[in-house]
$ cat start.txt   # compact mmCIF, C-alpha atoms
# COMPACT_ATOMS: atom_id res chain seq x y z
CA PRO X 1 71.05 -172.47 52.82
CA ALA X 2 72.20 -171.23 49.42
CA GLN X 3 70.10 -170.82 46.31
CA PRO X 4 70.96 -172.93 43.25
CA SER X 5 72.19 -171.44 39.99
CA LEU X 6 70.88 -172.46 36.58
CA LEU X 7 72.95 -172.47 33.40
CA ASP X 8 73.62 -174.62 30.34
CA LEU X 9 76.92 -176.50 30.15
CA ALA X 10 78.76 -177.84 27.11
CA ILE X 11 79.49 -181.48 27.97
CA GLY X 12 80.88 -183.83 25.29
CA GLY X 13 79.77 -181.53 22.50
CA SER X 14 76.19 -181.36 23.77
CA ARG X 15 74.26 -178.69 25.64
CA VAL X 16 73.24 -179.95 29.07
CA PRO X 17 70.77 -177.99 31.25
CA ALA X 18 72.49 -177.79 34.64
CA LEU X 19 71.68 -176.88 38.23
CA VAL X 20 74.60 -175.92 40.49
CA GLN X 21 74.02 -176.28 44.24
CA PRO X 22 76.59 -175.30 46.91
CA THR X 23 76.28 -176.56 50.51
CA LYS X 24 77.58 -175.68 53.96
CA GLN X 25 79.63 -178.88 53.89
CA GLY X 26 81.63 -177.54 50.93
CA GLU X 27 80.10 -179.65 48.18
CA ILE X 28 79.10 -178.11 44.87
CA TYR X 29 76.67 -180.48 43.18
CA VAL X 30 76.32 -180.06 39.43
CA LEU X 31 73.14 -181.82 38.32
CA ASN X 32 71.09 -182.18 35.17
CA ARG X 33 68.17 -179.95 36.05
CA GLU X 34 65.76 -181.95 33.89
CA THR X 35 66.59 -185.42 35.23
CA GLY X 36 68.37 -184.76 38.54
CA GLU X 37 71.26 -186.97 37.47
CA PRO X 38 74.77 -185.80 38.48
CA ILE X 39 76.80 -184.18 35.71
CA LEU X 40 79.88 -184.26 37.94
CA PRO X 41 80.25 -187.60 39.77
CA VAL X 42 78.77 -187.97 43.25
CA THR X 43 79.97 -190.81 45.46
CA GLU X 44 78.81 -192.09 48.83
CA GLN X 45 81.54 -191.91 51.48
CA PRO X 46 81.48 -193.55 54.94
CA ALA X 47 80.37 -191.20 57.70
CA PRO X 48 81.09 -191.27 61.46
CA GLN X 49 78.59 -193.24 63.53
CA GLY X 50 77.43 -193.16 67.14
CA ALA X 51 74.41 -190.94 67.58
CA VAL X 52 72.88 -190.12 70.96
CA GLU X 53 70.06 -192.28 72.28
CA GLY X 54 66.95 -191.88 70.17
CA ASP X 55 68.79 -190.49 67.16
CA ARG X 56 70.44 -192.18 64.19
CA THR X 57 73.17 -191.50 61.64
CA ALA X 58 73.30 -192.38 57.96
CA PRO X 59 76.14 -194.81 57.17
CA THR X 60 77.32 -192.69 54.21
CA GLN X 61 77.12 -189.12 52.92
CA PRO X 62 77.20 -187.91 49.28
CA VAL X 63 80.41 -186.22 48.14
CA SER X 64 80.71 -184.35 44.85
CA LYS X 65 83.77 -184.40 42.63
CA LEU X 66 83.72 -180.62 42.99
CA SER X 67 84.24 -180.20 46.72
CA PHE X 68 85.79 -177.53 48.92
CA ALA X 69 85.73 -179.77 51.99
CA PRO X 70 88.56 -178.85 54.36
CA PRO X 71 91.16 -181.39 55.47
CA PRO X 72 90.50 -182.83 58.96
CA LEU X 73 91.75 -180.73 61.87
CA THR X 74 94.49 -182.00 64.18
CA GLY X 75 96.03 -180.74 67.39
CA ALA X 76 98.82 -179.22 65.32
CA ASP X 77 96.24 -176.95 63.64
CA MET X 78 95.41 -175.20 66.91
CA TRP X 79 96.36 -171.54 66.91
CA GLY X 80 96.37 -168.54 69.20
CA ALA X 81 97.70 -165.07 69.78
CA THR X 82 99.98 -166.45 72.54
CA LEU X 83 101.40 -169.85 73.48
CA PHE X 84 98.92 -170.04 76.37
CA ASP X 85 96.04 -169.24 74.03
CA GLN X 86 97.17 -171.97 71.67
CA LEU X 87 97.56 -174.48 74.53
CA ALA X 88 94.03 -173.75 75.78
CA CYS X 89 92.68 -174.35 72.26
CA ARG X 90 94.56 -177.63 71.99
CA ILE X 91 93.15 -178.82 75.33
CA GLN X 92 89.66 -177.85 74.23
CA PHE X 93 90.18 -179.66 70.90
CA HIS X 94 91.07 -182.95 72.61
CA ARG X 95 88.07 -182.73 74.96
CA LEU X 96 85.59 -182.53 72.10
CA ARG X 97 84.32 -185.36 69.96
CA TYR X 98 85.77 -185.00 66.46
CA GLU X 99 85.93 -187.53 63.65
CA GLY X 100 86.07 -185.20 60.68
CA ARG X 101 83.14 -184.00 58.61
CA PHE X 102 79.70 -185.23 59.66
CA THR X 103 80.76 -185.84 63.29
CA PRO X 104 77.45 -186.38 65.09
CA PRO X 105 76.44 -183.93 67.83
CA SER X 106 77.00 -185.24 71.34
CA LEU X 107 76.40 -184.57 75.02
CA GLN X 108 80.11 -183.93 75.61
CA GLY X 109 80.25 -181.48 72.71
CA SER X 110 81.30 -182.17 69.12
CA LEU X 111 83.64 -180.14 66.95
CA ILE X 112 81.79 -179.28 63.74
CA HIS X 113 84.06 -178.41 60.82
CA PRO X 114 82.92 -176.98 58.46
CA GLY X 115 80.91 -175.08 61.05
CA ASN X 116 77.67 -173.17 61.22
CA PHE X 117 78.88 -170.55 58.72
CA GLY X 118 79.57 -173.44 56.43
CA VAL X 119 81.96 -173.45 53.61
CA PHE X 120 79.18 -171.75 51.63
CA ASN X 121 76.43 -169.80 53.36
CA TRP X 122 73.26 -168.04 52.17
CA GLY X 123 75.24 -165.80 49.81
CA GLY X 124 75.95 -168.82 47.60
CA ILE X 125 78.32 -168.70 44.65
CA ALA X 126 78.36 -166.92 41.29
CA VAL X 127 78.43 -168.76 37.97
CA ASP X 128 79.65 -167.50 34.61
CA PRO X 129 77.55 -169.15 31.86
CA ALA X 130 79.89 -168.02 29.07
CA ARG X 131 83.13 -169.24 30.67
CA GLN X 132 81.34 -172.15 32.41
CA VAL X 133 83.10 -171.48 35.70
CA ALA X 134 82.09 -170.72 39.27
CA PHE X 135 83.47 -167.90 41.41
CA THR X 136 83.29 -169.08 45.02
CA THR X 137 84.09 -167.78 48.51
CA PRO X 138 84.84 -170.80 50.76
CA THR X 139 84.94 -170.03 54.49
CA TYR X 140 86.40 -172.29 57.16
CA LEU X 141 85.39 -171.70 60.78
CA ALA X 142 84.87 -174.57 63.21
CA PHE X 143 81.94 -174.56 65.65
CA VAL X 144 81.08 -176.56 68.76
CA SER X 145 77.71 -178.33 68.99
CA ARG X 146 76.61 -179.72 72.37
CA LEU X 147 73.28 -181.43 73.02
CA VAL X 148 71.41 -180.35 76.16
CA PRO X 149 68.77 -182.87 77.37
CA ARG X 150 65.22 -181.53 77.61
CA HIS X 151 62.90 -182.98 80.22
CA ASP X 152 59.81 -180.90 79.41
CA ASP X 153 58.73 -178.03 77.20
CA THR X 154 59.82 -175.26 79.54
CA THR X 155 62.43 -172.78 78.39
CA LEU X 156 65.93 -173.85 79.29
CA HIS X 157 68.37 -171.43 80.86
CA VAL X 158 69.97 -169.37 78.13
CA GLN X 159 73.74 -169.51 78.51
CA GLY X 160 75.78 -166.32 78.62
CA GLY X 161 73.71 -163.66 80.38
CA ASN X 162 76.11 -160.89 79.34
CA ARG X 163 75.75 -161.42 75.61
CA PRO X 164 75.39 -158.28 73.46
CA GLU X 165 71.93 -156.83 72.93
CA GLY X 166 70.34 -158.23 69.78
CA SER X 167 72.62 -161.26 69.54
CA LEU X 168 71.29 -164.76 69.04
CA PRO X 169 70.60 -166.93 72.12
CA ALA X 170 73.24 -169.48 73.02
CA LEU X 171 70.71 -172.31 72.84
CA ASN X 172 68.62 -173.52 69.93
CA GLU X 173 65.67 -174.53 72.09
CA ASN X 174 64.05 -177.25 69.90
CA PHE X 175 60.75 -177.30 71.83
CA GLY X 176 59.18 -180.74 71.79
CA ALA X 177 62.45 -182.49 70.95
CA PRO X 178 64.59 -184.55 73.37
CA TYR X 179 67.50 -182.11 73.18
CA ALA X 180 68.25 -178.44 72.82
CA VAL X 181 71.48 -177.49 71.10
CA GLN X 182 74.22 -175.23 72.38
CA LEU X 183 76.09 -173.95 69.33
CA TYR X 184 79.01 -171.54 69.39
CA PRO X 185 82.21 -170.75 67.45
CA PHE X 186 85.34 -172.73 68.32
CA THR X 187 87.36 -169.78 69.64
CA SER X 188 89.94 -169.05 72.30
CA VAL X 189 89.36 -167.04 75.47
CA LEU X 190 90.46 -164.00 73.46
CA GLY X 191 87.70 -164.61 70.91
CA LEU X 192 90.06 -165.64 68.10
CA PRO X 193 89.45 -168.80 66.07
CA CYS X 194 91.21 -171.80 67.60
CA GLN X 195 92.12 -173.14 64.18
CA ALA X 196 95.01 -171.63 62.27
CA PRO X 197 94.29 -169.24 59.38
CA PRO X 198 93.45 -168.79 56.58
CA TRP X 199 89.74 -168.77 57.35
CA GLY X 200 88.47 -167.50 54.01
CA TYR X 201 89.30 -167.66 50.31
CA VAL X 202 88.16 -166.75 46.85
CA ALA X 203 88.38 -169.67 44.42
CA GLY X 204 87.48 -170.49 40.83
CA ALA X 205 86.24 -173.85 39.54
CA ASP X 206 85.53 -175.39 36.14
CA LEU X 207 81.90 -176.57 36.17
CA THR X 208 82.43 -178.99 33.27
CA THR X 209 85.37 -180.90 34.77
CA GLY X 210 85.02 -180.27 38.51
CA GLU X 211 88.59 -178.97 38.75
CA ILE X 212 89.47 -176.13 41.14
CA ALA X 213 91.46 -173.76 38.91
CA TRP X 214 92.78 -171.37 41.57
CA LYS X 215 92.33 -170.53 45.25
CA HIS X 216 93.63 -167.42 47.09
CA ARG X 217 93.27 -166.28 50.68
CA ASN X 218 91.01 -163.25 50.80
CA GLY X 219 90.51 -160.31 53.13
CA THR X 220 92.43 -158.82 56.04
CA THR X 221 92.18 -158.56 59.83
CA ARG X 222 92.05 -154.74 59.67
CA ASP X 223 88.55 -154.49 61.17
CA ALA X 224 88.60 -157.60 63.36
CA SER X 225 91.59 -157.02 65.63
CA PRO X 226 92.45 -154.53 68.41
CA LEU X 227 95.02 -152.89 66.13
CA PRO X 228 93.97 -152.00 62.56
CA LEU X 229 96.67 -154.13 60.95
CA PRO X 230 95.78 -155.18 57.38
CA PHE X 231 97.29 -158.68 57.48
CA ARG X 232 95.96 -160.67 54.52
CA MET X 233 95.29 -163.80 56.55
CA GLY X 234 92.15 -164.82 54.69
CA VAL X 235 89.03 -163.96 56.70
CA PRO X 236 85.43 -165.24 56.86
CA ASN X 237 82.91 -164.05 54.31
CA LEU X 238 79.15 -163.74 54.71
CA GLY X 239 77.47 -162.47 51.58
CA GLY X 240 77.43 -163.58 47.98
CA PRO X 241 79.63 -162.71 45.01
CA MET X 242 78.44 -161.36 41.67
CA VAL X 243 80.04 -161.88 38.23
CA THR X 244 79.67 -159.59 35.21
CA ALA X 245 79.75 -160.59 31.56
CA GLY X 246 83.17 -158.91 31.33
CA GLY X 247 84.67 -161.54 33.62
CA VAL X 248 84.88 -159.40 36.77
CA ALA X 249 83.61 -160.66 40.12
CA PHE X 250 82.54 -158.33 42.94
CA LEU X 251 82.43 -159.26 46.63
CA SER X 252 81.74 -157.20 49.76
CA GLY X 253 81.00 -159.83 52.43
CA THR X 254 84.40 -160.20 54.14
CA ILE X 255 84.71 -159.09 57.76
CA ASP X 256 86.93 -156.20 56.70
CA TYR X 257 84.97 -153.32 55.20
CA TYR X 258 85.76 -153.42 51.49
CA LEU X 259 84.09 -153.94 48.16
CA ARG X 260 86.57 -155.79 45.95
CA ALA X 261 86.75 -156.71 42.27
CA TYR X 262 88.54 -159.80 40.94
CA ASP X 263 89.51 -161.32 37.61
CA VAL X 264 87.36 -164.45 37.26
CA THR X 265 90.01 -166.32 35.27
CA ASP X 266 92.77 -166.25 37.89
CA GLY X 267 91.38 -164.55 41.00
CA ARG X 268 93.66 -161.50 40.83
CA GLN X 269 92.28 -158.59 42.81
CA LEU X 270 91.70 -155.72 40.39
CA TRP X 271 90.27 -152.99 42.62
CA GLU X 272 88.91 -152.25 46.08
CA SER X 273 86.97 -149.52 47.80
CA ARG X 274 86.64 -148.89 51.53
CA LEU X 275 83.11 -149.23 52.98
CA PRO X 276 81.75 -147.33 56.01
CA ALA X 277 80.29 -150.52 57.56
CA GLY X 278 80.24 -154.26 57.08
CA GLY X 279 79.18 -155.22 53.56
CA GLN X 280 77.48 -158.53 54.41
CA ALA X 281 75.27 -158.56 51.34
CA THR X 282 75.52 -159.49 47.66
CA PRO X 283 76.48 -156.68 45.24
CA MET X 284 74.37 -156.09 42.16
CA SER X 285 75.03 -154.55 38.77
CA TYR X 286 72.81 -152.64 36.37
CA GLN X 287 72.94 -150.22 33.46
CA GLY X 288 71.93 -146.66 34.24
CA LYS X 289 69.92 -144.31 32.06
CA ASP X 290 73.23 -142.70 31.11
CA GLY X 291 74.37 -145.98 29.51
CA ARG X 292 77.07 -146.64 32.08
CA GLN X 293 77.38 -149.84 34.12
CA TYR X 294 76.91 -149.50 37.86
CA VAL X 295 77.76 -151.75 40.81
CA LEU X 296 75.70 -151.29 43.95
CA VAL X 297 76.44 -152.55 47.46
CA VAL X 298 74.51 -152.32 50.73
CA ALA X 299 76.74 -151.84 53.80
CA GLY X 300 74.54 -152.75 56.74
CA GLY X 301 76.83 -154.90 58.89
CA HIS X 302 75.96 -158.19 60.55
CA GLY X 303 75.26 -159.02 64.20
CA SER X 304 76.70 -162.54 64.22
CA LEU X 305 80.00 -161.35 62.77
CA GLY X 306 80.15 -158.23 64.90
CA THR X 307 80.84 -155.97 61.94
CA ARG X 308 79.93 -152.30 62.14
CA THR X 309 76.27 -151.69 61.34
CA GLY X 310 75.00 -149.00 59.02
CA ASP X 311 72.33 -148.06 56.49
CA HIS X 312 74.54 -147.24 53.53
CA VAL X 313 73.52 -147.90 49.92
CA ILE X 314 76.47 -147.08 47.67
CA ALA X 315 76.64 -147.15 43.86
CA TYR X 316 79.83 -147.12 41.81
CA ALA X 317 79.98 -146.34 38.08
CA LEU X 318 82.44 -147.03 35.31
CA PRO X 319 84.06 -143.87 33.96
CA ARG X 320 82.28 -142.11 31.13
CA ARG X 321 83.66 -142.98 27.74
CA PRO X 322 85.17 -140.01 25.88

$ encode --input "start.txt" --output "structure tokens"
Amino acid sequence: PAQPSLLDLAIGGSRVPALVQPTKQGEIYVLNRETGEPILPVTEQPAPQGAVEGDRTAPTQPVSKLSFAPPPLTGADMWGATLFDQLACRIQFHRLRYEGRFTPPSLQGSLIHPGNFGVFNWGGIAVDPARQVAFTTPTYLAFVSRLVPRHDDTTLHVQGGNRPEGSLPALNENFGAPYAVQLYPFTSVLGLPCQAPPWGYVAGADLTTGEIAWKHRNGTTRDASPLPLPFRMGVPNLGGPMVTAGGVAFLSGTIDYYLRAYDVTDGRQLWESRLPAGGQATPMSYQGKDGRQYVLVVAGGHGSLGTRTGDHVIAYALPRRP
């Protein structure tokens, strides 16, 4: 779902025109944008088999050297606010089909991790053409995908009649296909993720070598828990980052309501400002008529994340030079 980034990379003493493409699976493909050939190696890895009747699965899937794919989940990774919550998640985990990444959807229900929010969503990543690095915001939330057989083209019963107004339906209908899809987050009865945190990071990667230079949990539970406790557990992000020529990255998409600035070289948080609503958008930067640099963010919230909605457009400026 994310847009590619274009830049030139210095590889072996030569300038190579590159295209950088992040995916929901966590891959970051770095390709020669003139030939399509991988600059960073891409290998084919075996993928789980066993599709439903009438469907098929590819025997392998491409994996980039630069990958933020999460390790496979186990029962020990199940988490909850109480022991009973954790036990319920563990029971649910063992009832679902799960064979790691690329687990095919199933009638019984398959655990999809990375989930629908991906590792990288529509916000994408930010690249620094001078430093030849990427500033990324990997998110890790598992989802459940269950196939619902269709027998005709009538509308199937939409699950969850008490869902909030304006929320997405519980079924992806797929008219004309053999199956509809029930897709929902893998959460406990309390609505908390069943997998242990952290659920979100900021991370930096070298686009010429494919090495992940640093990775830090990012964001707090202040605006996503009954009590406004700012535990830095690492929370989901939906919205893209932006990098300036000065080596500062800005991000506002976490589920707590902040615009934050980071040092691109090591990920240190440099600054933050409280927002009046969810900042699920990509900040932008520009130079004003007064010669100062501005950073602008739109705080509108997001229905799927349940963040506070608003219509705020906020601009920040560097101090005037004396």

$ closest_atom_pairs --input "start.txt" --of "stretch 104-149 of chain X" --to "stretch 266-286 of chain X" --cutoff "10 Å" --atoms "all atoms listed in the file" --output "JSON lines"
{"residue": "X:Trp122", "atom": "CA", "partner": "X:Ala281", "partner_atom": "CA", "distance": 9.7}
{"residue": "X:Gly123", "atom": "CA", "partner": "X:Thr282", "partner_atom": "CA", "distance": 6.7}
{"residue": "X:Gly124", "atom": "CA", "partner": "X:Thr282", "partner_atom": "CA", "distance": 9.3}
{"residue": "X:Phe135", "atom": "CA", "partner": "X:Gly267", "partner_atom": "CA", "distance": 8.6}

$ axis_aligned_box --input "start.txt" --around "stretch 9-26 of chain X" --padding-each-side "6 Å" --output "JSON"
{"center_x": 76.2, "center_y": -179.6, "center_z": 38.2, "size_x": 22.9, "size_y": 20.5, "size_z": 43.5}

$ atom_distance --input "start.txt" --atom1 "atom CA of X:Ala261" --atom2 "atom CA of X:Val235"
16.3 Å

$ atom_distance --input "start.txt" --atom1 "atom CA of X:His312" --atom2 "atom CA of X:Tyr140"
28.0 Å

$ closest_atom_pairs --input "start.txt" --of "stretch 104-146 of chain X" --to "stretch 81-96 of chain X" --cutoff "10 Å" --atoms "only C-alpha atoms" --output "JSON lines"
{"residue": "X:Ser106", "atom": "CA", "partner": "X:Leu96", "partner_atom": "CA", "distance": 9.0}
{"residue": "X:Leu107", "atom": "CA", "partner": "X:Leu96", "partner_atom": "CA", "distance": 9.9}
{"residue": "X:Gln108", "atom": "CA", "partner": "X:Leu96", "partner_atom": "CA", "distance": 6.7}
{"residue": "X:Gly109", "atom": "CA", "partner": "X:Leu96", "partner_atom": "CA", "distance": 5.5}
{"residue": "X:Ser110", "atom": "CA", "partner": "X:Leu96", "partner_atom": "CA", "distance": 5.2}
{"residue": "X:Leu111", "atom": "CA", "partner": "X:Leu96", "partner_atom": "CA", "distance": 6.0}
{"residue": "X:Ile112", "atom": "CA", "partner": "X:Leu96", "partner_atom": "CA", "distance": 9.7}
{"residue": "X:Val144", "atom": "CA", "partner": "X:Leu96", "partner_atom": "CA", "distance": 8.2}
{"residue": "X:Ser145", "atom": "CA", "partner": "X:Leu96", "partner_atom": "CA", "distance": 9.5}
{"residue": "X:Arg146", "atom": "CA", "partner": "X:Leu96", "partner_atom": "CA", "distance": 9.4}

$ residues_around --input "start.txt" --residues "X:Phe186" --least-positions-apart "5" --cutoff "8 Å" --atoms "only C-alpha atoms" --output "JSON list (two decimals) with C-alpha atoms, keeping the file's coordinate frame"
[["chain", "number", "residue", "atom", "x", "y", "z"],
["X", 111, "LEU", "CA", 83.64, -180.14, 66.95],
["X", 141, "LEU", "CA", 85.39, -171.70, 60.78],
["X", 142, "ALA", "CA", 84.87, -174.57, 63.21],
["X", 143, "PHE", "CA", 81.94, -174.56, 65.65],
["X", 144, "VAL", "CA", 81.08, -176.56, 68.76],
["X", 193, "PRO", "CA", 89.45, -168.80, 66.07],
["X", 194, "CYS", "CA", 91.21, -171.80, 67.60],
["X", 195, "GLN", "CA", 92.12, -173.14, 64.18]]

$ residues_near_point --input "start.txt" --point "(70.1, -185.2, 71.9)" --cutoff "9 Å" --atoms "only C-alpha atoms" --output "count of residues only"
18

$ closest_residue --input "start.txt" --among "X:Phe102, X:Tyr184, X:Phe68, X:Trp79" --to "X:Ile212" --atoms "all atoms listed in the file"
X:Phe68

$ residues_around --input "start.txt" --residues "X:Leu40" --least-positions-apart "2" --cutoff "8 Å" --atoms "all atoms listed in the file" --output "PDB file with C-alpha atoms, keeping the file's coordinate frame"
ATOM      1  CA  TYR X  29      76.670-180.480  43.180  1.00  0.00           C
ATOM      2  CA  VAL X  30      76.320-180.060  39.430  1.00  0.00           C
ATOM      3  CA  LEU X  31      73.140-181.820  38.320  1.00  0.00           C
ATOM      4  CA  PRO X  38      74.770-185.800  38.480  1.00  0.00           C
ATOM      5  CA  VAL X  42      78.770-187.970  43.250  1.00  0.00           C
ATOM      6  CA  SER X  64      80.710-184.350  44.850  1.00  0.00           C
ATOM      7  CA  LYS X  65      83.770-184.400  42.630  1.00  0.00           C
ATOM      8  CA  LEU X  66      83.720-180.620  42.990  1.00  0.00           C
ATOM      9  CA  THR X 208      82.430-178.990  33.270  1.00  0.00           C
ATOM     10  CA  THR X 209      85.370-180.900  34.770  1.00  0.00           C
ATOM     11  CA  GLY X 210      85.020-180.270  38.510  1.00  0.00           C
TER      12      GLY X 210
END

$ residues_near_point --input "start.txt" --point "(79.7, -167.0, 35.9)" --cutoff "12 Å" --atoms "all atoms listed in the file" --output "short mmCIF file (atom, residue, chain, number, x, y, z; two decimals) with C-alpha atoms, in the coordinates of the input"
data_model
loop_
_atom_site.label_atom_id
_atom_site.label_comp_id
_atom_site.auth_asym_id
_atom_site.auth_seq_id
_atom_site.Cartn_x
_atom_site.Cartn_y
_atom_site.Cartn_z
CA SER X 5 72.19 -171.44 39.99
CA LEU X 6 70.88 -172.46 36.58
CA LEU X 7 72.95 -172.47 33.40
CA ASP X 8 73.62 -174.62 30.34
CA LEU X 9 76.92 -176.50 30.15
CA VAL X 20 74.60 -175.92 40.49
CA ILE X 125 78.32 -168.70 44.65
CA ALA X 126 78.36 -166.92 41.29
CA VAL X 127 78.43 -168.76 37.97
CA ASP X 128 79.65 -167.50 34.61
CA PRO X 129 77.55 -169.15 31.86
CA ALA X 130 79.89 -168.02 29.07
CA ARG X 131 83.13 -169.24 30.67
CA GLN X 132 81.34 -172.15 32.41
CA VAL X 133 83.10 -171.48 35.70
CA ALA X 134 82.09 -170.72 39.27
CA PHE X 135 83.47 -167.90 41.41
CA THR X 136 83.29 -169.08 45.02
CA GLY X 204 87.48 -170.49 40.83
CA ALA X 205 86.24 -173.85 39.54
CA ASP X 206 85.53 -175.39 36.14
CA LEU X 207 81.90 -176.57 36.17
CA PRO X 241 79.63 -162.71 45.01
CA MET X 242 78.44 -161.36 41.67
CA VAL X 243 80.04 -161.88 38.23
CA THR X 244 79.67 -159.59 35.21
CA ALA X 245 79.75 -160.59 31.56
CA GLY X 246 83.17 -158.91 31.33
CA GLY X 247 84.67 -161.54 33.62
CA VAL X 248 84.88 -159.40 36.77
CA ALA X 249 83.61 -160.66 40.12
CA PHE X 250 82.54 -158.33 42.94
CA ASP X 263 89.51 -161.32 37.61
CA VAL X 264 87.36 -164.45 37.26
CA THR X 265 90.01 -166.32 35.27
#

$ atom_distance --input "start.txt" --atom1 "atom CA of X:Gly191" --atom2 "atom CA of X:Ala299"
24.0 Å

$ closest_residue --input "start.txt" --among "X:Ala47, X:Leu238, X:Thr137, X:Gln25" --to "X:Trp214" --atoms "only C-alpha atoms"
X:Thr137

$ closest_residue --input "start.txt" --among "X:Asn218, X:Gln293, X:Asn174, X:Gln45" --to "X:Pro198" --atoms "all atoms listed in the file"
X:Asn218

$ closest_residue --input "start.txt" --among "X:Val202, X:Asn116, X:Asn172, X:Gly36" --to "X:Arg260" --atoms "all atoms listed in the file"
X:Val202

$ closest_residue --input "start.txt" --among "X:Tyr262, X:Gly306, X:Thr23, X:Ala18" --to "X:Glu37" --atoms "only C-alpha atoms"
X:Ala18

$ closest_residue --input "start.txt" --among "X:Pro197, X:Gly301, X:Gly50, X:Gly100" --to "X:Asp223" --atoms "all atoms listed in the file"
X:Gly301

$ build_atoms --input "start.txt" --residues "stretch 170-175 of chain X" --atoms "all heavy atoms" --output "short mmCIF file (atom, residue, chain, number, x, y, z; two decimals), keeping the file's coordinate frame"
data_model
loop_
_atom_site.label_atom_id
_atom_site.label_comp_id
_atom_site.auth_asym_id
_atom_site.auth_seq_id
_atom_site.Cartn_x
_atom_site.Cartn_y
_atom_site.Cartn_z
N ALA X 170 72.21 -168.45 73.07
CA ALA X 170 73.24 -169.48 73.02
C ALA X 170 72.66 -170.87 72.82
O ALA X 170 73.38 -171.81 72.51
CB ALA X 170 74.08 -169.45 74.29
N LEU X 171 71.35 -171.02 73.02
CA LEU X 171 70.71 -172.31 72.84
C LEU X 171 69.70 -172.26 71.70
O LEU X 171 68.92 -171.31 71.60
CB LEU X 171 69.98 -172.75 74.12
CG LEU X 171 70.83 -173.20 75.31
CD1 LEU X 171 69.93 -173.58 76.46
CD2 LEU X 171 71.73 -174.36 74.93
N ASN X 172 69.73 -173.27 70.84
CA ASN X 172 68.62 -173.52 69.93
C ASN X 172 67.65 -174.41 70.70
O ASN X 172 67.94 -175.58 70.95
CB ASN X 172 69.12 -174.21 68.66
CG ASN X 172 70.02 -173.31 67.85
OD1 ASN X 172 69.78 -172.13 67.75
ND2 ASN X 172 71.08 -173.87 67.29
N GLU X 173 66.51 -173.87 71.09
CA GLU X 173 65.67 -174.53 72.09
C GLU X 173 65.08 -175.86 71.64
O GLU X 173 64.97 -176.80 72.43
CB GLU X 173 64.53 -173.58 72.50
CG GLU X 173 65.00 -172.40 73.32
CD GLU X 173 65.26 -172.75 74.78
OE1 GLU X 173 65.19 -173.94 75.13
OE2 GLU X 173 65.51 -171.84 75.57
N ASN X 174 64.62 -175.98 70.40
CA ASN X 174 64.05 -177.25 69.90
C ASN X 174 62.90 -177.74 70.79
O ASN X 174 62.90 -178.88 71.27
CB ASN X 174 65.13 -178.34 69.81
CG ASN X 174 66.12 -178.08 68.73
OD1 ASN X 174 65.87 -177.31 67.81
ND2 ASN X 174 67.28 -178.70 68.81
N PHE X 175 61.90 -176.90 71.00
CA PHE X 175 60.75 -177.30 71.83
C PHE X 175 60.12 -178.56 71.29
O PHE X 175 59.91 -178.72 70.09
CB PHE X 175 59.71 -176.17 71.87
CG PHE X 175 60.18 -174.95 72.63
CD1 PHE X 175 60.43 -173.76 71.98
CD2 PHE X 175 60.38 -175.01 74.00
CE1 PHE X 175 60.86 -172.64 72.67
CE2 PHE X 175 60.81 -173.90 74.71
CZ PHE X 175 61.05 -172.72 74.04
#
